[in-house]
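K.L.:
Input upload-v2.cif, format and content: mmCIF, C-alpha atoms and all ligand atoms.
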data_run
loop_
_atom_site.label_atom_id
_atom_site.label_comp_id
_atom_site.auth_asym_id
_atom_site.auth_seq_id
_atom_site.Cartn_x
_atom_site.Cartn_y
_atom_site.Cartn_z
CA MET A 562 -60.78 137.32 -59.64
CA LYS A 563 -60.65 135.76 -63.09
CA ILE A 564 -58.28 133.05 -61.86
CA THR A 565 -60.57 132.25 -58.93
CA ASN A 566 -63.54 131.90 -61.28
CA ARG A 567 -61.59 129.64 -63.58
CA LEU A 568 -60.46 127.51 -60.65
CA LEU A 569 -64.03 127.24 -59.47
CA LEU A 570 -65.16 126.20 -62.94
CA VAL A 571 -62.39 123.59 -63.24
CA SER A 572 -63.28 122.17 -59.81
CA LEU A 573 -66.97 122.01 -60.69
CA ILE A 574 -66.20 120.18 -63.93
CA ALA A 575 -63.93 117.76 -62.03
CA ILE A 576 -66.63 117.08 -59.42
CA ALA A 577 -69.26 116.56 -62.14
CA ALA A 578 -66.96 114.16 -64.04
CA CYS A 579 -66.21 112.25 -60.86
CA THR A 580 -69.90 112.03 -59.91
CA SER A 581 -70.87 110.80 -63.34
CA ALA A 582 -68.01 108.23 -63.39
CA ASN A 583 -69.25 107.01 -60.02
CA ALA A 584 -72.87 106.89 -61.22
CA GLN A 585 -71.69 104.88 -64.20
CA LYS A 586 -69.94 102.40 -61.88
CA PHE A 587 -73.26 101.88 -60.07
CA GLU A 588 -75.13 101.47 -63.36
CA GLU A 589 -72.69 98.82 -64.54
CA LEU A 590 -73.18 96.58 -61.49
CA ALA A 591 -74.88 93.27 -62.24
CA GLN A 592 -75.25 93.51 -66.02
CA THR A 593 -75.62 89.74 -65.63
CA PRO A 594 -77.03 88.18 -62.44
CA PRO A 595 -74.63 88.22 -59.49
CA MET A 596 -73.00 84.90 -58.58
CA GLY A 597 -71.59 84.01 -55.20
CA TRP A 598 -71.98 82.19 -51.91
CA ASN A 599 -74.08 83.14 -48.89
CA SER A 600 -73.80 81.74 -45.36
CA TRP A 601 -77.52 81.49 -44.49
CA ASN A 602 -78.83 78.29 -46.05
CA THR A 603 -76.36 76.06 -44.25
CA PHE A 604 -75.10 77.94 -41.22
CA GLN A 605 -77.82 80.46 -40.29
CA THR A 606 -76.28 82.58 -37.50
CA LYS A 607 -73.61 80.02 -36.56
CA ILE A 608 -70.84 81.77 -38.46
CA ASP A 609 -67.38 82.86 -37.38
CA GLU A 610 -64.06 83.89 -38.82
CA PRO A 611 -62.23 80.50 -38.86
CA LEU A 612 -65.23 78.74 -40.44
CA LEU A 613 -65.67 81.45 -43.04
CA LYS A 614 -62.00 81.77 -43.90
CA GLY A 615 -62.02 78.03 -44.52
CA MET A 616 -65.00 78.54 -46.78
CA VAL A 617 -63.22 81.31 -48.69
CA ASP A 618 -60.23 79.02 -49.21
CA THR A 619 -62.41 76.18 -50.52
CA TYR A 620 -64.34 78.59 -52.72
CA VAL A 621 -61.07 79.05 -54.59
CA SER A 622 -59.70 75.48 -54.44
CA SER A 623 -63.01 73.86 -55.49
CA GLY A 624 -63.12 75.84 -58.73
CA MET A 625 -66.19 77.90 -57.76
CA ARG A 626 -64.37 81.20 -58.21
CA ASP A 627 -63.03 80.16 -61.60
CA ALA A 628 -66.52 79.07 -62.67
CA GLY A 629 -67.68 82.67 -62.21
CA TYR A 630 -68.82 82.89 -58.57
CA THR A 631 -67.57 86.25 -57.33
CA TYR A 632 -69.31 87.37 -54.14
CA PHE A 633 -68.82 86.00 -50.63
CA VAL A 634 -71.79 87.17 -48.56
CA LEU A 635 -72.23 87.03 -44.79
CA ASP A 636 -75.90 86.78 -43.92
CA ASP A 637 -77.58 87.41 -40.56
CA GLY A 638 -75.61 86.80 -37.37
CA TRP A 639 -72.32 88.64 -37.95
CA MET A 640 -73.04 91.51 -35.54
CA ALA A 641 -72.78 92.13 -31.83
CA MET A 642 -76.18 92.54 -30.15
CA GLU A 643 -75.69 96.31 -29.60
CA ARG A 644 -74.31 99.23 -31.58
CA ASP A 645 -71.30 101.01 -30.00
CA LYS A 646 -71.53 104.32 -28.15
CA ASP A 647 -71.33 106.24 -31.46
CA GLY A 648 -74.15 104.23 -32.96
CA ASN A 649 -71.89 102.16 -35.21
CA LEU A 650 -72.56 98.52 -35.88
CA VAL A 651 -69.84 96.21 -34.60
CA ALA A 652 -68.88 92.73 -35.72
CA ASP A 653 -69.42 90.18 -32.93
CA PRO A 654 -65.98 90.19 -31.21
CA GLN A 655 -66.23 86.49 -30.31
CA LYS A 656 -67.04 85.46 -33.87
CA PHE A 657 -64.78 87.98 -35.62
CA PRO A 658 -61.91 88.76 -33.22
CA ASN A 659 -60.02 90.62 -35.95
CA GLY A 660 -62.99 92.74 -37.00
CA MET A 661 -64.88 92.96 -40.26
CA LYS A 662 -62.38 95.07 -42.21
CA GLU A 663 -59.75 92.36 -41.78
CA PHE A 664 -62.21 89.72 -42.94
CA ALA A 665 -63.20 91.80 -45.97
CA ASP A 666 -59.51 92.23 -46.81
CA TYR A 667 -59.08 88.45 -46.62
CA VAL A 668 -61.95 87.89 -49.08
CA HIS A 669 -60.52 90.53 -51.43
CA SER A 670 -57.03 89.04 -51.20
CA LYS A 671 -58.43 85.82 -52.72
CA GLY A 672 -59.84 87.69 -55.72
CA MET A 673 -63.45 87.81 -54.56
CA LYS A 674 -65.91 90.49 -53.59
CA PHE A 675 -67.37 90.87 -50.14
CA GLY A 676 -71.03 91.09 -49.16
CA ILE A 677 -72.85 91.68 -45.90
CA TYR A 678 -76.42 91.61 -44.56
CA ASN A 679 -78.74 93.88 -42.64
CA CYS A 680 -82.39 94.72 -42.45
CA ALA A 681 -84.62 97.73 -43.10
CA GLY A 682 -86.41 97.26 -39.78
CA THR A 683 -85.38 97.91 -36.19
CA LYS A 684 -83.89 94.42 -35.83
CA THR A 685 -82.77 91.76 -38.27
CA CYS A 686 -84.82 88.58 -38.60
CA ALA A 687 -82.50 86.89 -36.09
CA GLY A 688 -82.76 89.81 -33.64
CA TYR A 689 -79.53 91.76 -34.27
CA PRO A 690 -79.50 95.58 -34.64
CA GLY A 691 -81.39 96.66 -37.78
CA THR A 692 -80.64 99.70 -39.90
CA ARG A 693 -83.82 101.73 -39.43
CA GLY A 694 -82.74 105.32 -38.67
CA TYR A 695 -79.04 104.55 -39.33
CA GLU A 696 -79.09 104.16 -43.12
CA TYR A 697 -76.39 106.71 -44.02
CA GLN A 698 -74.16 105.82 -41.05
CA ASP A 699 -74.32 102.09 -41.83
CA ALA A 700 -73.66 102.65 -45.55
CA ARG A 701 -70.55 104.71 -44.72
CA LEU A 702 -69.33 102.00 -42.34
CA TYR A 703 -69.80 99.27 -44.98
CA ALA A 704 -67.97 101.40 -47.56
CA SER A 705 -65.07 101.88 -45.10
CA TRP A 706 -64.85 98.09 -44.67
CA GLY A 707 -64.80 97.53 -48.42
CA VAL A 708 -68.26 95.98 -48.75
CA ASP A 709 -69.26 95.29 -52.38
CA TYR A 710 -72.76 93.84 -51.85
CA LEU A 711 -75.53 94.51 -49.34
CA LYS A 712 -78.46 92.15 -48.79
CA PHE A 713 -81.21 94.12 -47.08
CA ASP A 714 -84.02 92.22 -45.35
CA TRP A 715 -87.54 93.15 -44.25
CA CYS A 716 -88.12 91.90 -40.68
CA ASN A 717 -89.39 94.20 -37.91
CA ALA A 718 -90.33 96.80 -40.49
CA GLU A 719 -93.78 97.63 -39.12
CA GLY A 720 -95.00 101.04 -40.24
CA LEU A 721 -92.39 101.34 -43.00
CA ASN A 722 -93.25 101.84 -46.65
CA ALA A 723 -91.16 99.32 -48.59
CA LYS A 724 -90.45 101.51 -51.60
CA GLU A 725 -89.43 104.46 -49.39
CA ALA A 726 -87.32 102.36 -47.00
CA TYR A 727 -85.37 100.64 -49.79
CA THR A 728 -84.99 103.92 -51.69
CA THR A 729 -83.49 105.57 -48.60
CA MET A 730 -80.92 102.79 -48.24
CA SER A 731 -80.17 102.90 -51.94
CA LYS A 732 -79.47 106.65 -51.71
CA ALA A 733 -77.33 106.08 -48.60
CA ILE A 734 -75.19 103.56 -50.48
CA ARG A 735 -74.71 105.96 -53.37
CA ALA A 736 -73.86 108.78 -51.00
CA ALA A 737 -71.23 106.57 -49.33
CA GLY A 738 -69.61 106.42 -52.77
CA ARG A 739 -68.46 102.79 -52.99
CA PRO A 740 -70.27 100.84 -55.74
CA MET A 741 -72.20 98.08 -53.98
CA ILE A 742 -74.78 95.70 -55.30
CA PHE A 743 -78.01 96.33 -53.41
CA SER A 744 -80.03 93.15 -52.94
CA LEU A 745 -83.61 93.77 -51.79
CA CYS A 746 -84.94 90.96 -49.63
CA GLU A 747 -88.55 91.99 -49.17
CA TRP A 748 -89.97 88.59 -50.24
CA GLY A 749 -92.16 90.03 -53.01
CA GLY A 750 -94.98 91.28 -50.76
CA HIS A 751 -94.87 94.81 -52.16
CA GLN A 752 -94.15 93.78 -55.76
CA PRO A 753 -90.62 95.24 -55.91
CA TRP A 754 -90.37 94.27 -59.59
CA ARG A 755 -92.73 97.20 -60.26
CA TRP A 756 -90.61 99.86 -58.54
CA ALA A 757 -87.10 98.60 -57.69
CA LYS A 758 -85.41 98.75 -61.10
CA ASN A 759 -83.55 101.92 -60.15
CA VAL A 760 -83.32 101.13 -56.44
CA GLY A 761 -81.23 97.96 -56.46
CA GLN A 762 -79.88 95.27 -58.75
CA LEU A 763 -81.99 92.35 -57.50
CA TRP A 764 -85.11 91.78 -55.48
CA ARG A 765 -86.46 88.65 -53.89
CA SER A 766 -89.66 87.59 -55.58
CA THR A 767 -90.86 85.12 -52.92
CA GLY A 768 -90.48 83.93 -49.35
CA ASP A 769 -87.58 81.73 -48.23
CA ILE A 770 -86.53 78.60 -50.06
CA TRP A 771 -85.69 75.30 -48.34
CA ALA A 772 -83.99 72.17 -49.61
CA GLY A 773 -87.21 70.54 -50.82
CA PHE A 774 -88.06 69.98 -54.46
CA LYS A 775 -91.85 69.73 -54.43
CA LYS A 776 -93.24 70.11 -50.94
CA ASP A 777 -93.31 73.30 -48.91
CA LEU A 778 -92.18 73.16 -45.30
CA ASN A 779 -94.52 74.46 -42.63
CA ASN A 780 -92.48 76.16 -39.90
CA GLY A 781 -95.47 77.19 -37.79
CA SER A 782 -95.64 80.96 -38.27
CA TRP A 783 -94.23 80.82 -41.81
CA THR A 784 -93.83 78.40 -44.71
CA ALA A 785 -90.55 77.74 -46.51
CA LEU A 786 -91.04 77.20 -50.21
CA SER A 787 -89.93 74.31 -52.38
CA VAL A 788 -88.06 74.70 -55.67
CA LEU A 789 -91.19 74.04 -57.72
CA SER A 790 -93.40 76.36 -55.61
CA ILE A 791 -90.92 79.16 -56.30
CA LEU A 792 -90.68 78.25 -59.97
CA ASP A 793 -94.46 78.59 -60.31
CA ARG A 794 -94.28 82.17 -59.03
CA GLN A 795 -91.74 83.46 -61.61
CA ASP A 796 -93.40 83.18 -64.98
CA SER A 797 -95.67 86.21 -64.55
CA ILE A 798 -92.89 88.64 -63.61
CA ARG A 799 -90.24 87.79 -66.20
CA GLN A 800 -90.79 91.00 -68.14
CA TYR A 801 -89.45 93.03 -65.21
CA ALA A 802 -85.96 91.49 -65.24
CA GLY A 803 -83.06 92.50 -67.46
CA PRO A 804 -79.43 93.64 -67.36
CA GLY A 805 -78.82 95.48 -64.08
CA HIS A 806 -82.10 94.45 -62.38
CA TRP A 807 -83.09 90.88 -61.63
CA ASN A 808 -85.91 88.89 -60.08
CA ASP A 809 -84.36 86.81 -57.28
CA PRO A 810 -86.10 83.47 -56.62
CA ASP A 811 -83.78 83.02 -53.58
CA MET A 812 -80.46 81.31 -53.03
CA LEU A 813 -79.48 77.85 -54.19
CA GLU A 814 -80.07 74.72 -52.13
CA VAL A 815 -77.82 72.56 -54.32
CA GLY A 816 -75.78 70.26 -52.07
CA ASN A 817 -78.10 70.73 -49.08
CA GLY A 818 -79.88 67.39 -49.01
CA MET A 819 -81.99 66.99 -52.16
CA LYS A 820 -81.40 64.09 -54.53
CA TYR A 821 -78.90 64.49 -57.38
CA ASN A 822 -81.61 64.83 -60.05
CA GLU A 823 -83.49 67.38 -57.93
CA ASP A 824 -80.35 69.46 -57.42
CA LYS A 825 -79.63 69.25 -61.13
CA ALA A 826 -83.20 70.34 -62.00
CA HIS A 827 -83.11 73.16 -59.41
CA PHE A 828 -79.83 74.51 -60.82
CA SER A 829 -81.04 74.20 -64.42
CA LEU A 830 -84.26 76.05 -63.69
CA TRP A 831 -82.47 78.86 -61.86
CA CYS A 832 -80.11 79.24 -64.84
CA MET A 833 -83.11 79.26 -67.20
CA LEU A 834 -84.69 81.99 -65.05
CA GLU A 835 -81.47 84.02 -65.30
CA ALA A 836 -81.56 84.10 -61.50
CA PRO A 837 -78.79 85.34 -59.23
CA LEU A 838 -76.74 82.23 -58.42
CA MET A 839 -75.89 82.34 -54.72
CA ALA A 840 -74.69 78.93 -53.58
CA GLY A 841 -75.67 78.12 -50.00
CA ASN A 842 -73.97 74.80 -49.26
CA ASP A 843 -70.96 73.87 -47.13
CA LEU A 844 -68.26 74.22 -49.77
CA ARG A 845 -65.77 72.28 -47.62
CA LYS A 846 -67.92 69.14 -47.85
CA MET A 847 -69.08 69.23 -51.47
CA SER A 848 -69.51 65.89 -53.19
CA PRO A 849 -68.09 65.61 -56.72
CA GLU A 850 -71.71 65.62 -58.00
CA THR A 851 -72.50 68.89 -56.22
CA THR A 852 -69.30 70.49 -57.53
CA ALA A 853 -70.12 69.29 -61.04
CA ILE A 854 -73.59 70.85 -60.86
CA LEU A 855 -72.53 74.19 -59.43
CA THR A 856 -69.60 74.57 -61.83
CA ASN A 857 -71.29 73.39 -65.04
CA LYS A 858 -70.03 76.18 -67.27
CA GLU A 859 -72.48 75.53 -70.09
CA LEU A 860 -75.42 75.90 -67.71
CA ILE A 861 -73.86 78.97 -66.10
CA ALA A 862 -73.53 80.47 -69.59
CA LEU A 863 -77.33 80.38 -69.90
CA ASP A 864 -77.67 82.22 -66.62
CA GLN A 865 -75.09 84.80 -67.63
CA ASP A 866 -76.37 85.25 -71.17
CA ALA A 867 -76.03 88.83 -72.39
CA LEU A 868 -79.60 89.13 -73.68
CA GLY A 869 -80.80 88.96 -70.08
CA VAL A 870 -84.16 87.33 -70.78
CA GLU A 871 -85.82 84.94 -68.35
CA ALA A 872 -87.28 81.68 -69.58
CA PHE A 873 -91.01 81.18 -69.86
CA ARG A 874 -93.19 78.12 -69.60
CA TYR A 875 -93.96 77.26 -73.20
CA TYR A 876 -95.81 74.00 -72.62
CA ALA A 877 -97.27 72.06 -69.70
CA PHE A 878 -99.14 68.79 -69.85
CA ASP A 879 -99.32 65.73 -67.65
CA GLY A 880 -96.30 66.66 -65.54
CA ILE A 881 -94.06 67.55 -68.47
CA GLU A 882 -93.13 71.20 -68.87
CA ILE A 883 -91.05 72.90 -71.52
CA TRP A 884 -89.32 76.12 -70.52
CA VAL A 885 -87.67 78.18 -73.23
CA LYS A 886 -85.15 81.00 -72.93
CA PRO A 887 -84.15 83.20 -75.85
CA LEU A 888 -80.39 83.86 -75.84
CA ALA A 889 -78.09 86.40 -77.47
CA ASN A 890 -77.13 85.78 -81.13
CA ASN A 891 -80.51 84.19 -81.91
CA GLU A 892 -79.73 81.10 -79.87
CA LEU A 893 -82.26 79.40 -77.62
CA ALA A 894 -82.21 77.27 -74.47
CA VAL A 895 -84.91 74.65 -73.97
CA CYS A 896 -85.46 72.82 -70.68
CA PHE A 897 -87.70 69.75 -70.55
CA LEU A 898 -88.84 69.26 -66.94
CA ASN A 899 -90.54 66.11 -65.72
CA ARG A 900 -92.31 67.07 -62.50
CA SER A 901 -94.40 63.90 -62.35
CA ASP A 902 -93.60 60.96 -60.07
CA HIS A 903 -92.54 58.55 -62.82
CA PRO A 904 -90.19 58.57 -65.82
CA GLN A 905 -91.75 59.86 -69.03
CA THR A 906 -90.64 59.56 -72.63
CA ILE A 907 -90.99 62.67 -74.73
CA SER A 908 -91.21 62.71 -78.49
CA TYR A 909 -90.93 66.28 -79.65
CA ASP A 910 -91.30 67.40 -83.23
CA TRP A 911 -89.69 70.85 -83.36
CA LYS A 912 -91.43 71.68 -86.64
CA ASP A 913 -94.81 71.65 -84.92
CA HIS A 914 -93.70 74.14 -82.29
CA ALA A 915 -92.69 77.60 -83.49
CA ILE A 916 -91.78 79.88 -80.60
CA ASN A 917 -92.66 83.56 -80.35
CA ASP A 918 -91.68 85.66 -77.37
CA ALA A 919 -93.20 89.13 -77.12
CA VAL A 920 -90.99 90.08 -74.14
CA SER A 921 -87.71 89.62 -76.03
CA ASN A 922 -89.26 90.17 -79.46
CA THR A 923 -87.72 86.96 -80.76
CA SER A 924 -89.15 84.08 -82.74
CA PHE A 925 -87.97 80.63 -83.74
CA ASP A 926 -89.56 78.77 -86.62
CA PHE A 927 -88.07 75.31 -86.97
CA LYS A 928 -89.78 74.78 -90.32
CA GLN A 929 -87.69 77.63 -91.75
CA THR A 930 -84.42 77.18 -89.88
CA SER A 931 -82.55 74.17 -88.58
CA TYR A 932 -80.76 74.35 -85.24
CA LYS A 933 -78.02 72.14 -83.83
CA LEU A 934 -78.88 70.65 -80.40
CA ARG A 935 -76.41 70.42 -77.54
CA ASP A 936 -77.28 68.60 -74.32
CA LEU A 937 -75.77 70.71 -71.53
CA TRP A 938 -75.67 67.92 -68.92
CA LEU A 939 -74.32 65.23 -71.24
CA LYS A 940 -72.04 67.94 -72.66
CA LYS A 941 -72.42 66.64 -76.18
CA ASP A 942 -74.16 67.46 -79.44
CA VAL A 943 -77.33 65.42 -79.92
CA GLY A 944 -78.55 66.09 -83.48
CA ASN A 945 -80.67 68.88 -84.84
CA THR A 946 -84.21 70.22 -84.99
CA GLY A 947 -84.77 68.49 -88.33
CA LYS A 948 -85.56 65.28 -86.44
CA THR A 949 -88.04 64.47 -83.69
CA PHE A 950 -86.31 64.67 -80.30
CA LYS A 951 -86.91 61.50 -78.26
CA GLN A 952 -85.74 61.06 -74.71
CA THR A 953 -86.82 59.44 -71.46
CA ILE A 954 -86.66 61.83 -68.53
CA GLY A 955 -86.70 60.54 -64.95
CA ALA A 956 -89.07 61.85 -62.29
CA ASP A 957 -88.05 65.31 -61.05
CA ASP A 958 -85.33 65.57 -63.63
CA VAL A 959 -84.54 67.74 -66.64
CA VAL A 960 -82.95 67.72 -70.06
CA VAL A 961 -81.46 71.06 -71.07
CA LEU A 962 -80.59 71.83 -74.69
CA ARG A 963 -78.86 74.75 -76.32
CA LEU A 964 -80.00 75.45 -79.87
CA THR A 965 -77.63 77.12 -82.33
CA LYS A 966 -78.40 77.84 -85.99
CA GLU A 967 -76.73 75.37 -88.34
C1 LIG A 1001 -84.94 86.18 -44.00
C2 LIG A 1001 -84.33 86.10 -45.40
C3 LIG A 1001 -83.34 84.94 -45.44
C4 LIG A 1001 -82.24 85.18 -44.42
C5 LIG A 1001 -82.86 85.34 -43.03
C6 LIG A 1001 -81.85 85.80 -41.99
O1 LIG A 1001 -85.71 85.07 -43.70
O2 LIG A 1001 -85.33 85.94 -46.36
O3 LIG A 1001 -82.79 84.83 -46.75
O4 LIG A 1001 -81.51 86.31 -44.76
O5 LIG A 1001 -83.91 86.31 -43.03
O6 LIG A 1001 -82.40 85.97 -40.72
#
Re-express the file's structure as structure tokens.

P.N.:
Amino acid sequence: MKITNRLLLVSLIAIAACTSANAQKFEELAQTPPMGWNSWNTFQTKIDEPLLKGMVDTYVSSGMRDAGYTYFVLDDGWMAMERDKDGNLVADPQKFPNGMKEFADYVHSKGMKFGIYNCAGTKTCAGYPGTRGYEYQDARLYASWGVDYLKFDWCNAEGLNAKEAYTTMSKAIRAAGRPMIFSLCEWGGHQPWRWAKNVGQLWRSTGDIWAGFKKDLNNGSWTALSVLSILDRQDSIRQYAGPGHWNDPDMLEVGNGMKYNEDKAHFSLWCMLEAPLMAGNDLRKMSPETTAILTNKELIALDQDALGVEAFRYYAFDGIEIWVKPLANNELAVCFLNRSDHPQTISYDWKDHAINDAVSNTSFDFKQTSYKLRDLWLKKDVGNTGKTFKQTIGADDVVVLRLTKE
């Protein structure tokens, strides 16, 4: 009897230790914003195994993986139109003749993590089977395939309560036991930043992006947002982001048709916002300029900074904006954005502009302390805060500086 009791006690302790180790693995996901590639922005539902394996290969050979991009995420369009007789989702057999487990294994074999997409509603946005009513079954299936990341959309969700629906899926993922990043894609309508901190690791803050810098794109029943439209919707929610839980201003459009300076500004601003960096371009056809933008390690370091604080708009006048982002070790990133239609010359006396940020409880007084300036696109040191900073910035372009105490 005694032995049985002891055995029971030992087993209970082992289960508790295992559960808490597992919980810890979930807590440690996305301490910095996730980085990866997602199929939607370029391919929509026109995805298949040969195309995607080619993309995985180029992900490695182009240097994206070594620059820190980790996840390879299949968006909408990977499924067959119907579940099987047991209610399981199936990969479209035409598109993925070897099944999804084999594809996941391929992604893992190249040193990356694998992500997949579904939707909280009855159908996905493109009309494939949604997860509503199948949350635990789908989570177990994804875990058995080796999924590391789930993007979960919000189409055909009539009658659902967003917080409850996403919480159910979050619990289902935890119950399935495999640590997976849970990416809420609810477009910000129900203010997920107020309730999703313990539900998932990132939540979309807006509707869909398109490859336009200033102008939105009217698609009839819905409007795709430009880079600057999305930027203007981030400042007020920055206090909700931090290690393990991020505002998601949507995936990158770098390399998808904007001009070089616009791509450069888009990437800089997303790094300043400490946004998830999900590339969405055809990696097999990247120009050297696109590769240089997406793999700029000094910019990526801002995005992945350990302090986990989003930039805020410090100054705006006549088309010039200054965004500032407190960094770990009392460093600071400053982005000068020219959103006007003509080049502008800035003349900026640091000593007139002390910076105080209540969200991160940091302050920078350039009268007291001198900082070295590094231009992260020129990749060179450009003086210090003792002198007025003068620079001409082209239309729709940026200058990004990293400030380090001298
Ligand atoms: C929604 C999402 C997009 C993409 C599509 C897929 O529009 O916001 O990011 O996932 O659905 O259908």

K.L.:
Need the neighbours of (-60.6, 78.5, -53.3): which residues are at most 12 Å away, counting all atoms listed in the file, as a PDB file with C-alpha atoms, in the frame of the given file?

P.N.:
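Written file, out.pdb:
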ATOM      1  CA  LEU A 613     -65.670  81.450 -43.040  1.00  0.00           C
ATOM      2  CA  LYS A 614     -62.000  81.770 -43.900  1.00  0.00           C
ATOM      3  CA  GLY A 615     -62.020  78.030 -44.520  1.00  0.00           C
ATOM      4  CA  MET A 616     -65.000  78.540 -46.780  1.00  0.00           C
ATOM      5  CA  VAL A 617     -63.220  81.310 -48.690  1.00  0.00           C
ATOM      6  CA  ASP A 618     -60.230  79.020 -49.210  1.00  0.00           C
ATOM      7  CA  THR A 619     -62.410  76.180 -50.520  1.00  0.00           C
ATOM      8  CA  TYR A 620     -64.340  78.590 -52.720  1.00  0.00           C
ATOM      9  CA  VAL A 621     -61.070  79.050 -54.590  1.00  0.00           C
ATOM     10  CA  SER A 622     -59.700  75.480 -54.440  1.00  0.00           C
ATOM     11  CA  SER A 623     -63.010  73.860 -55.490  1.00  0.00           C
ATOM     12  CA  GLY A 624     -63.120  75.840 -58.730  1.00  0.00           C
ATOM     13  CA  MET A 625     -66.190  77.900 -57.760  1.00  0.00           C
ATOM     14  CA  ARG A 626     -64.370  81.200 -58.210  1.00  0.00           C
ATOM     15  CA  ASP A 627     -63.030  80.160 -61.600  1.00  0.00           C
ATOM     16  CA  ALA A 628     -66.520  79.070 -62.670  1.00  0.00           C
ATOM     17  CA  TYR A 630     -68.820  82.890 -58.570  1.00  0.00           C
ATOM     18  CA  THR A 631     -67.570  86.250 -57.330  1.00  0.00           C
ATOM     19  CA  PHE A 633     -68.820  86.000 -50.630  1.00  0.00           C
ATOM     20  CA  VAL A 668     -61.950  87.890 -49.080  1.00  0.00           C
ATOM     21  CA  SER A 670     -57.030  89.040 -51.200  1.00  0.00           C
ATOM     22  CA  LYS A 671     -58.430  85.820 -52.720  1.00  0.00           C
ATOM     23  CA  GLY A 672     -59.840  87.690 -55.720  1.00  0.00           C
ATOM     24  CA  MET A 673     -63.450  87.810 -54.560  1.00  0.00           C
ATOM     25  CA  LEU A 844     -68.260  74.220 -49.770  1.00  0.00           C
ATOM     26  CA  ARG A 845     -65.770  72.280 -47.620  1.00  0.00           C
TER      27      ARG A 845
END

K.L.:
Could the residues of chain A that have an atom at most 10 Å from ligand LIG 1001 (chain A) be listed as CSV, each with its closest atom pair and the distance in Å to one decimal, counting all atoms listed in the file and ordered by chain and ascending residue number?

P.N.:
residue,atom,partner,partner_atom,distance
A:Asn599,CA,A:LIG1001,O4,9.1
A:Ser600,CA,A:LIG1001,O4,9.0
A:Trp601,CA,A:LIG1001,C4,6.0
A:Asn602,CA,A:LIG1001,O3,7.7
A:Gln605,CA,A:LIG1001,C6,6.9
A:Thr606,CA,A:LIG1001,O6,7.7
A:Leu635,CA,A:LIG1001,O4,9.3
A:Asp636,CA,A:LIG1001,O4,5.7
A:Asp637,CA,A:LIG1001,C6,4.8
A:Gly638,CA,A:LIG1001,O6,7.6
A:Tyr678,CA,A:LIG1001,O4,7.4
A:Asn679,CA,A:LIG1001,O4,8.3
A:Cys680,CA,A:LIG1001,O5,8.6
A:Lys684,CA,A:LIG1001,O6,9.9
A:Thr685,CA,A:LIG1001,O6,6.3
A:Cys686,CA,A:LIG1001,O6,4.1
A:Ala687,CA,A:LIG1001,O6,4.7
A:Gly688,CA,A:LIG1001,O6,8.1
A:Tyr689,CA,A:LIG1001,O6,9.1
A:Lys712,CA,A:LIG1001,O4,7.7
A:Phe713,CA,A:LIG1001,O4,8.2
A:Asp714,CA,A:LIG1001,C2,6.1
A:Trp715,CA,A:LIG1001,C1,7.4
A:Cys716,CA,A:LIG1001,C1,7.3
A:Leu745,CA,A:LIG1001,O2,9.7
A:Cys746,CA,A:LIG1001,O2,6.0
A:Glu747,CA,A:LIG1001,O2,7.4
A:Trp748,CA,A:LIG1001,O2,6.6
A:Arg765,CA,A:LIG1001,O2,8.1
A:Thr767,CA,A:LIG1001,O2,8.6
A:Gly768,CA,A:LIG1001,O2,6.3
A:Asp769,CA,A:LIG1001,O2,5.1
A:Ile770,CA,A:LIG1001,O3,8.0
A:Trp783,CA,A:LIG1001,O1,9.7
A:Ala785,CA,A:LIG1001,O1,9.2
A:Asp811,CA,A:LIG1001,O3,7.1
A:Met812,CA,A:LIG1001,O3,7.6

K.L.:
Report as an MDAnalysis selection string all protein, DNA and RNA residues lying within 12 Å of Ala726 of chain A, evaluated on all atoms listed in the file, omitting residues in the same chain fewer than 5 positions from it.

P.N.:
chainID A and resid 680:683 692:696 713:715 718:721 731:733 745:747 751 753 757 760

K.L.:
Using 10 Å as the limit and counting all atoms listed in the file, can you tabulate each residue of segment 802-886 of chain A that touches segment 961-965 of chain A, with its shortest atom-to-atom distance in Å and the two atoms involved, as JSON lines?

P.N.:
{"residue": "A:Ala826", "atom": "CA", "partner": "A:Val961", "partner_atom": "CA", "distance": 9.3}
{"residue": "A:Ser829", "atom": "CA", "partner": "A:Val961", "partner_atom": "CA", "distance": 7.4}
{"residue": "A:Leu830", "atom": "CA", "partner": "A:Val961", "partner_atom": "CA", "distance": 9.3}
{"residue": "A:Met833", "atom": "CA", "partner": "A:Val961", "partner_atom": "CA", "distance": 9.2}
{"residue": "A:Glu859", "atom": "CA", "partner": "A:Arg963", "partner_atom": "CA", "distance": 9.0}
{"residue": "A:Leu860", "atom": "CA", "partner": "A:Val961", "partner_atom": "CA", "distance": 8.4}
{"residue": "A:Leu863", "atom": "CA", "partner": "A:Arg963", "partner_atom": "CA", "distance": 8.7}
{"residue": "A:Ile883", "atom": "CA", "partner": "A:Val961", "partner_atom": "CA", "distance": 9.8}
{"residue": "A:Trp884", "atom": "CA", "partner": "A:Val961", "partner_atom": "CA", "distance": 9.4}
{"residue": "A:Val885", "atom": "CA", "partner": "A:Leu962", "partner_atom": "CA", "distance": 9.6}
{"residue": "A:Lys886", "atom": "CA", "partner": "A:Arg963", "partner_atom": "CA", "distance": 9.5}

K.L.:
Store the residues picked out above in a file with C-alpha atoms, as a short mmCIF file (atom, residue, chain, number, x, y, z; two decimals), in the coordinates of the input.

P.N.:
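Output below, filename result-v8.cif:
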data_model
loop_
_atom_site.label_atom_id
_atom_site.label_comp_id
_atom_site.auth_asym_id
_atom_site.auth_seq_id
_atom_site.Cartn_x
_atom_site.Cartn_y
_atom_site.Cartn_z
CA ALA A 826 -83.20 70.34 -62.00
CA SER A 829 -81.04 74.20 -64.42
CA LEU A 830 -84.26 76.05 -63.69
CA MET A 833 -83.11 79.26 -67.20
CA GLU A 859 -72.48 75.53 -70.09
CA LEU A 860 -75.42 75.90 -67.71
CA LEU A 863 -77.33 80.38 -69.90
CA ILE A 883 -91.05 72.90 -71.52
CA TRP A 884 -89.32 76.12 -70.52
CA VAL A 885 -87.67 78.18 -73.23
CA LYS A 886 -85.15 81.00 -72.93
#
